[in-house]
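Raw contents of model11.cif, mmCIF, C-alpha atoms:
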data_coords
loop_
_atom_site.label_atom_id
_atom_site.label_comp_id
_atom_site.auth_asym_id
_atom_site.auth_seq_id
_atom_site.Cartn_x
_atom_site.Cartn_y
_atom_site.Cartn_z
CA PHE C 30 121.29 -20.68 70.60
CA PHE C 31 119.19 -18.15 68.69
CA CYS C 32 121.19 -15.36 70.36
CA ALA C 33 124.45 -17.10 69.41
CA LEU C 34 123.29 -17.29 65.80
CA GLN C 35 122.43 -13.59 65.76
CA LEU C 36 125.84 -12.79 67.24
CA VAL C 37 127.59 -14.84 64.56
CA ASN C 38 125.63 -13.20 61.74
CA ARG C 39 126.33 -9.74 63.15
CA SER C 40 130.05 -10.60 63.31
CA ILE C 41 130.06 -11.73 59.67
CA LEU C 42 128.29 -8.60 58.46
CA SER C 43 130.26 -6.15 60.60
CA GLY C 44 133.71 -7.71 60.44
CA GLU C 45 134.10 -7.00 64.15
CA LYS C 46 135.92 -10.30 64.74
CA GLU C 47 138.91 -11.83 63.01
CA LEU C 48 137.67 -14.66 60.80
CA THR C 49 139.70 -17.52 62.32
CA SER C 50 138.51 -16.50 65.79
CA LEU C 51 134.93 -16.37 64.56
CA LEU C 52 135.31 -19.83 63.00
CA LYS C 53 136.43 -21.25 66.37
CA GLU C 54 133.46 -19.58 68.05
CA ILE C 55 131.04 -21.13 65.55
CA ASP C 56 132.61 -24.57 66.06
CA TYR C 57 132.16 -24.15 69.82
CA TYR C 58 128.45 -23.40 69.32
CA LEU C 59 128.11 -26.38 66.99
CA HIS C 60 129.70 -28.58 69.66
CA LEU C 61 127.16 -27.32 72.21
CA LEU C 62 124.35 -28.02 69.77
CA GLU C 63 125.54 -31.61 69.48
CA THR C 64 125.88 -31.91 73.25
CA TYR C 65 122.36 -30.66 73.95
CA LYS C 66 120.82 -32.40 70.91
CA SER C 67 119.45 -29.14 69.51
CA GLU C 68 118.80 -29.09 65.78
CA VAL C 69 116.86 -25.82 65.49
CA SER C 70 119.84 -23.52 64.91
CA LYS C 71 122.33 -26.06 63.56
CA ASN C 72 121.59 -25.61 59.86
CA TYR C 73 121.84 -21.81 60.12
CA LEU C 74 125.14 -22.04 61.99
CA LEU C 75 126.49 -24.45 59.40
CA SER C 76 125.59 -21.94 56.68
CA SER C 77 127.39 -19.17 58.54
CA ARG C 78 130.36 -21.47 59.07
CA GLU C 79 130.56 -22.23 55.36
CA THR C 80 130.69 -18.50 54.62
CA VAL C 81 133.51 -17.90 57.10
CA SER C 82 135.43 -20.96 55.88
CA MET C 83 135.14 -19.83 52.25
CA LEU C 84 136.33 -16.33 53.11
CA ILE C 85 139.36 -17.66 55.00
CA ASP C 86 140.73 -20.11 52.44
CA LYS C 87 137.83 -21.13 50.16
CA GLY C 88 137.33 -24.10 52.47
CA GLU C 89 140.61 -25.73 51.52
CA ALA C 90 141.78 -26.36 55.09
CA THR C 91 138.89 -25.08 57.20
CA SER C 92 135.88 -26.99 55.86
CA ILE C 93 134.18 -29.77 57.82
CA GLU C 94 132.15 -32.80 56.77
CA ALA C 95 128.84 -31.46 58.09
CA LYS C 96 127.14 -29.17 55.56
CA GLU C 97 124.05 -27.00 55.44
CA TYR C 98 120.89 -28.84 54.40
CA LEU C 99 118.81 -26.96 51.84
CA GLY C 100 115.64 -29.04 51.84
CA ASP C 101 113.15 -28.19 49.10
CA ALA C 102 114.51 -25.00 47.57
CA ASP C 103 111.20 -24.36 45.78
CA ASP C 104 109.10 -24.56 48.94
CA PRO C 105 107.94 -21.01 49.88
CA GLY C 106 107.77 -22.15 53.50
CA ASN C 107 111.45 -23.12 53.57
CA LYS C 108 112.74 -20.07 55.45
CA PHE C 109 116.27 -21.42 55.49
CA MET C 110 116.58 -20.57 51.80
CA ASP C 111 116.37 -16.85 52.69
CA THR C 112 119.49 -17.24 54.78
CA TYR C 113 121.16 -19.47 52.19
CA TYR C 114 120.77 -16.96 49.36
CA CYS C 115 121.98 -14.09 51.53
CA GLN C 116 125.05 -16.09 52.60
CA GLN C 117 125.75 -17.02 48.98
CA VAL C 118 125.59 -13.37 47.92
CA LEU C 119 128.05 -12.44 50.68
CA ARG C 120 130.45 -15.29 49.88
CA ASN C 121 130.55 -14.68 46.16
CA PHE C 122 130.79 -10.90 46.36
CA TRP C 123 133.79 -10.95 48.69
CA LEU C 124 135.45 -13.75 46.71
CA GLY C 125 135.11 -11.68 43.55
CA TYR C 126 132.59 -13.94 41.80
CA GLY C 127 130.35 -11.21 40.41
CA GLU C 128 128.23 -13.40 38.15
CA ARG C 129 127.48 -15.87 40.94
CA CYS C 130 126.75 -13.01 43.32
CA ARG C 131 124.16 -11.62 40.93
CA HIS C 132 122.70 -15.08 40.29
CA PHE C 133 122.01 -15.73 43.97
CA ALA C 134 120.82 -12.16 44.50
CA GLN C 135 118.15 -12.65 41.86
CA LYS C 136 117.17 -15.95 43.48
CA GLY C 137 116.85 -14.13 46.79
CA PHE C 138 114.75 -11.33 45.32
CA ALA C 139 112.28 -13.91 44.02
CA ARG C 140 111.45 -15.21 47.50
CA ILE C 141 112.50 -12.82 50.27
CA PRO C 142 109.76 -10.28 51.11
CA GLN C 143 110.64 -6.64 50.54
CA GLY C 144 111.58 -4.86 53.74
CA ARG C 145 113.33 -7.82 55.36
CA TYR C 146 116.87 -7.04 56.48
CA PHE C 147 118.25 -9.85 54.29
CA SER C 148 116.68 -8.20 51.26
CA HIS C 149 118.53 -4.95 51.99
CA ILE C 150 121.85 -6.79 52.38
CA ILE C 151 121.31 -8.56 49.06
CA LYS C 152 120.33 -5.32 47.33
CA PHE C 153 123.48 -3.60 48.57
CA TYR C 154 125.90 -6.21 47.24
CA TYR C 155 123.88 -6.75 44.08
CA GLY C 156 123.96 -2.99 43.46
CA LEU C 157 127.73 -2.84 43.93
CA SER C 158 128.15 -5.77 41.55
CA LEU C 159 126.00 -4.01 38.93
CA LEU C 160 128.04 -0.84 39.35
CA GLU C 161 131.23 -2.78 38.66
CA MET C 162 129.70 -3.93 35.38
CA LEU C 163 128.61 -0.40 34.53
CA LYS C 164 132.17 0.87 35.02
CA LYS C 165 133.22 -1.45 32.21
CA LYS C 166 130.27 -0.95 29.89
CA SER C 167 127.28 1.39 30.01
CA ASN C 168 123.90 -0.34 30.18
CA TYR C 169 120.60 1.50 30.63
CA VAL C 170 118.75 -1.44 32.22
CA ARG C 171 121.45 -2.05 34.83
CA TYR C 172 121.69 1.68 35.52
CA LYS C 173 117.95 1.79 36.22
CA GLU C 174 118.27 -1.25 38.49
CA VAL C 175 120.86 0.58 40.58
CA GLU C 176 118.62 3.63 40.77
CA GLU C 177 115.72 1.45 41.95
CA ILE C 178 117.92 -0.16 44.62
CA ILE C 179 118.97 3.28 45.84
CA GLU C 180 115.33 4.40 45.98
CA SER C 181 114.48 1.30 48.01
CA LEU C 182 117.30 1.90 50.48
CA GLN C 183 116.26 5.54 50.83
CA VAL C 184 112.98 4.25 52.24
CA ALA C 185 114.69 1.63 54.40
CA VAL C 186 117.11 4.13 55.96
CA GLU C 187 114.16 5.97 57.50
CA HIS C 188 113.45 2.86 59.58
CA ALA C 189 116.96 1.47 60.18
CA ASP C 190 119.42 4.33 59.80
CA SER C 191 122.39 2.70 61.54
CA ASN C 192 122.09 -0.50 59.47
CA ILE C 193 121.41 1.03 56.07
CA ARG C 194 122.86 4.54 55.76
CA ASN C 195 126.46 3.59 54.93
CA LYS C 196 125.23 1.16 52.26
CA LEU C 197 123.00 3.78 50.67
CA GLU C 198 125.76 6.40 50.68
CA LEU C 199 128.30 4.07 49.08
CA LEU C 200 125.92 3.14 46.25
CA GLN C 201 125.15 6.83 45.72
CA ALA C 202 128.87 7.68 45.70
CA GLU C 203 129.59 5.03 43.09
CA LEU C 204 126.71 6.22 40.92
CA HIS C 205 127.86 9.85 41.12
CA GLY C 206 131.37 8.71 40.23
CA LEU C 207 130.02 7.05 37.11
CA GLY C 208 128.26 10.28 36.21
CA ALA C 209 131.45 12.36 36.60
CA ARG C 210 129.89 14.32 39.47
CA HIS C 211 133.14 14.62 41.38
CA ASN C 212 132.13 16.80 44.32
CA GLU C 213 129.03 14.72 45.06
CA ALA C 214 130.98 11.46 44.74
CA VAL C 215 133.74 12.57 47.13
CA ALA C 216 131.25 13.86 49.70
CA LEU C 217 129.31 10.59 49.63
CA TYR C 218 132.40 8.38 49.80
CA ASN C 219 133.45 10.30 52.91
CA ALA C 220 129.94 10.00 54.32
CA ALA C 221 129.82 6.24 53.64
CA ILE C 222 133.15 5.72 55.39
CA ALA C 223 132.03 7.78 58.40
CA SER C 224 128.62 6.07 58.62
CA ALA C 225 130.13 2.58 58.43
CA GLU C 226 132.62 3.47 61.16
CA LYS C 227 129.86 4.90 63.35
CA SER C 228 127.75 1.75 62.93
CA GLU C 229 130.83 -0.47 63.42
CA PHE C 230 130.53 -2.20 60.05
CA ILE C 231 134.28 -2.57 59.75
CA HIS C 232 134.35 -4.59 56.51
CA GLU C 233 131.96 -2.18 54.86
CA GLN C 234 134.08 0.73 56.08
CA GLY C 235 137.02 -0.93 54.38
CA LEU C 236 134.93 -1.51 51.27
CA ALA C 237 133.98 2.18 51.14
CA CYS C 238 137.63 3.15 51.55
CA GLU C 239 138.65 0.73 48.81
CA ARG C 240 136.01 2.01 46.39
CA ALA C 241 136.97 5.60 47.18
CA GLY C 242 140.61 4.70 46.54
CA LEU C 243 139.74 3.20 43.17
CA TYR C 244 137.77 6.33 42.29
CA TYR C 245 140.66 8.62 43.23
CA LYS C 246 143.04 6.41 41.25
CA LYS C 247 140.80 6.69 38.20
CA MET C 248 140.76 10.47 38.64
CA GLY C 249 144.56 10.59 38.80
CA CYS C 250 144.70 11.57 42.49
CA ALA C 251 147.45 9.15 43.52
CA ARG C 252 148.01 10.50 47.02
CA ASP C 253 144.33 10.38 47.96
CA ALA C 254 144.06 6.92 46.43
CA LEU C 255 146.98 5.63 48.53
CA VAL C 256 145.54 7.06 51.75
CA HIS C 257 142.21 5.33 51.16
CA PHE C 258 143.81 2.03 50.15
CA GLN C 259 145.81 2.10 53.39
CA GLN C 260 142.64 2.76 55.35
CA ALA C 261 140.91 -0.11 53.58
CA HIS C 262 143.81 -2.45 54.40
CA ALA C 263 143.59 -1.48 58.06
CA CYS C 264 139.86 -2.25 58.13
CA TYR C 265 140.24 -5.61 56.35
#

Take the structure in this file and express it as structure tokens.
Amino acid sequence: FFCALQLVNRSILSGEKELTSLLKEIDYYLHLLETYKSEVSKNYLLSSRETVSMLIDKGEATSIEAKEYLGDADDPGNKFMDTYYCQQVLRNFWLGYGERCRHFAQKGFARIPQGRYFSHIIKFYYGLSLLEMLKKKSNYVRYKEVEEIIESLQVAVEHADSNIRNKLELLQAELHGLGARHNEAVALYNAAIASAEKSEFIHEQGLACERAGLYYKKMGCARDALVHFQQAHACY
């Protein structure tokens, strides 16, 4: 069941499976867990299921009675909380709840050791959320936070290129866009799209296309914006 859990998490992060199909797959694994009386992976699968359910319809028609059990959230030995905070960051970012995304990201930073894959995922979405705020209002502290996240991912990409490179490039593209460095921004948006496609992170490829489209729209390049929005739609 550990392998099934890893497969589910990979599917959520990559977007390689349609969400309703993934939900059915998770329910099948949960049924097997009940059949074989295995509780080890159940809580983690329930957390993944909650994320998929929220992304489909905010749980309105796809939720189930069984829910993830948090235990003692303040216990440093409660490893489930690492997963919980990462899932919460994912859910709230994609649902457009920026403040909640940042809240759970900061909770995750306080307990997840640096270098863990979950910490890189949280940094990526937290960085994008900060950049959205910076587009509306300049803030030196937030700008420095983004720079620190980029520096951290620059180290991580040396050890996990296929998992990290597209995330690093998208954050760099957004930062260059804020700084009116057009050529650098365009080159990095293109790189982020290509890296996400190569690594088969389909949702993140769509995200890079969407952010590139928004940048082109801001710059008054309507045709380029439309092309990238269409690409993003195809990925989503």

Option closest in space to Ala220 of chain C, from C:Ile141, C:Ile150, C:Leu236, C:Ala202 [counting all atoms listed in the file]
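Looking only at the distances to Ala220 of chain C, the closest residue turns out to be C:Ala202.
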
Axis-aligned box for all listed atoms of segment 113-127 of chain C, 5 Å per side, centre and edges in Å to one decimal, as AutoDock Vina command-line options:
--center_x 128.1 --center_y -15.2 --center_z 46.5 --size_x 24.7 --size_y 18.6 --size_z 22.2

Test item: residues at most 7 Å from Leu199 of chain C, only C-alpha atoms, excluding those fewer than 4 positions along its chain, as a ChimeraX atom specification
/C:195,203,217-218,221,237

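Counting from atom CA of Ser92 of chain C, the distance to atom CA of His60 of chain C is 15.2 Å.
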
What is the distance, in Å and to one decimal place, between atom CA of Glu233 of chain C and atom CA of Leu99 of chain C?
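Straight-line distance from atom CA of Glu233 of chain C to atom CA of Leu99 of chain C works out to 28.2 Å.
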
As an exercise, work out the distance from atom CA of Arg78 of chain C to atom CA of Lys46 of chain C in Å and give it to one decimal place.
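Separating atom CA of Arg78 of chain C from atom CA of Lys46 of chain C is a distance of 13.7 Å.
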
Complete the atoms of segment 104-131 of chain C to N, CA and C atoms and put them out as an mmCIF file, keeping the file's coordinate frame.
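File produced: part37.cif:
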data_model
loop_
_atom_site.group_PDB
_atom_site.id
_atom_site.type_symbol
_atom_site.label_atom_id
_atom_site.label_comp_id
_atom_site.auth_asym_id
_atom_site.auth_seq_id
_atom_site.Cartn_x
_atom_site.Cartn_y
_atom_site.Cartn_z
ATOM 1 N N ASP C 104 110.175 -24.664 47.957
ATOM 2 C CA ASP C 104 109.100 -24.560 48.940
ATOM 3 C C ASP C 104 109.081 -23.149 49.537
ATOM 4 N N PRO C 105 108.001 -22.371 49.331
ATOM 5 C CA PRO C 105 107.940 -21.010 49.880
ATOM 6 C C PRO C 105 108.044 -20.969 51.401
ATOM 7 N N GLY C 106 107.695 -22.093 52.042
ATOM 8 C CA GLY C 106 107.770 -22.150 53.500
ATOM 9 C C GLY C 106 109.149 -22.494 54.037
ATOM 10 N N ASN C 107 110.082 -22.776 53.147
ATOM 11 C CA ASN C 107 111.450 -23.120 53.570
ATOM 12 C C ASN C 107 112.226 -21.838 53.854
ATOM 13 N N LYS C 108 112.125 -21.353 55.083
ATOM 14 C CA LYS C 108 112.740 -20.070 55.450
ATOM 15 C C LYS C 108 114.256 -20.116 55.444
ATOM 16 N N PHE C 109 114.813 -21.328 55.520
ATOM 17 C CA PHE C 109 116.270 -21.420 55.490
ATOM 18 C C PHE C 109 116.847 -20.887 54.187
ATOM 19 N N MET C 110 116.076 -21.019 53.095
ATOM 20 C CA MET C 110 116.580 -20.570 51.800
ATOM 21 C C MET C 110 116.839 -19.063 51.784
ATOM 22 N N ASP C 111 116.101 -18.292 52.591
ATOM 23 C CA ASP C 111 116.370 -16.850 52.690
ATOM 24 C C ASP C 111 117.790 -16.622 53.182
ATOM 25 N N THR C 112 118.135 -17.339 54.236
ATOM 26 C CA THR C 112 119.490 -17.240 54.780
ATOM 27 C C THR C 112 120.520 -17.751 53.776
ATOM 28 N N TYR C 113 120.220 -18.862 53.140
ATOM 29 C CA TYR C 113 121.160 -19.470 52.190
ATOM 30 C C TYR C 113 121.517 -18.508 51.064
ATOM 31 N N TYR C 114 120.506 -17.872 50.472
ATOM 32 C CA TYR C 114 120.770 -16.960 49.360
ATOM 33 C C TYR C 114 121.559 -15.735 49.821
ATOM 34 N N CYS C 115 121.235 -15.235 51.002
ATOM 35 C CA CYS C 115 121.980 -14.090 51.530
ATOM 36 C C CYS C 115 123.444 -14.456 51.766
ATOM 37 N N GLN C 116 123.671 -15.630 52.352
ATOM 38 C CA GLN C 116 125.050 -16.090 52.600
ATOM 39 C C GLN C 116 125.792 -16.284 51.279
ATOM 40 N N GLN C 117 125.110 -16.812 50.282
ATOM 41 C CA GLN C 117 125.750 -17.020 48.980
ATOM 42 C C GLN C 117 126.125 -15.690 48.330
ATOM 43 N N VAL C 118 125.268 -14.697 48.451
ATOM 44 C CA VAL C 118 125.590 -13.370 47.920
ATOM 45 C C VAL C 118 126.830 -12.821 48.604
ATOM 46 N N LEU C 119 126.888 -12.925 49.922
ATOM 47 C CA LEU C 119 128.050 -12.440 50.680
ATOM 48 C C LEU C 119 129.322 -13.168 50.243
ATOM 49 N N ARG C 120 129.260 -14.495 50.234
ATOM 50 C CA ARG C 120 130.450 -15.290 49.880
ATOM 51 C C ARG C 120 130.986 -14.895 48.513
ATOM 52 N N ASN C 121 130.108 -14.874 47.543
ATOM 53 C CA ASN C 121 130.550 -14.680 46.160
ATOM 54 C C ASN C 121 130.970 -13.243 45.887
ATOM 55 N N PHE C 122 130.343 -12.285 46.539
ATOM 56 C CA PHE C 122 130.790 -10.900 46.360
ATOM 57 C C PHE C 122 132.215 -10.729 46.874
ATOM 58 N N TRP C 123 132.471 -11.172 48.102
ATOM 59 C CA TRP C 123 133.790 -10.950 48.690
ATOM 60 C C TRP C 123 134.866 -11.817 48.050
ATOM 61 N N LEU C 124 134.476 -12.918 47.429
ATOM 62 C CA LEU C 124 135.450 -13.750 46.710
ATOM 63 C C LEU C 124 135.671 -13.262 45.289
ATOM 64 N N GLY C 125 134.909 -12.258 44.881
ATOM 65 C CA GLY C 125 135.110 -11.680 43.550
ATOM 66 C C GLY C 125 134.367 -12.386 42.437
ATOM 67 N N TYR C 126 133.362 -13.210 42.805
ATOM 68 C CA TYR C 126 132.590 -13.940 41.800
ATOM 69 C C TYR C 126 131.319 -13.153 41.498
ATOM 70 N N GLY C 127 131.460 -12.118 40.666
ATOM 71 C CA GLY C 127 130.350 -11.210 40.410
ATOM 72 C C GLY C 127 129.139 -11.879 39.805
ATOM 73 N N GLU C 128 129.355 -12.755 38.826
ATOM 74 C CA GLU C 128 128.230 -13.400 38.150
ATOM 75 C C GLU C 128 127.443 -14.280 39.109
ATOM 76 N N ARG C 129 128.154 -15.025 39.951
ATOM 77 C CA ARG C 129 127.480 -15.870 40.940
ATOM 78 C C ARG C 129 126.773 -15.024 41.987
ATOM 79 N N CYS C 130 127.383 -13.927 42.378
ATOM 80 C CA CYS C 130 126.750 -13.010 43.320
ATOM 81 C C CYS C 130 125.412 -12.534 42.778
ATOM 82 N N ARG C 131 125.393 -12.112 41.544
ATOM 83 C CA ARG C 131 124.160 -11.620 40.930
ATOM 84 C C ARG C 131 123.121 -12.736 40.763
#
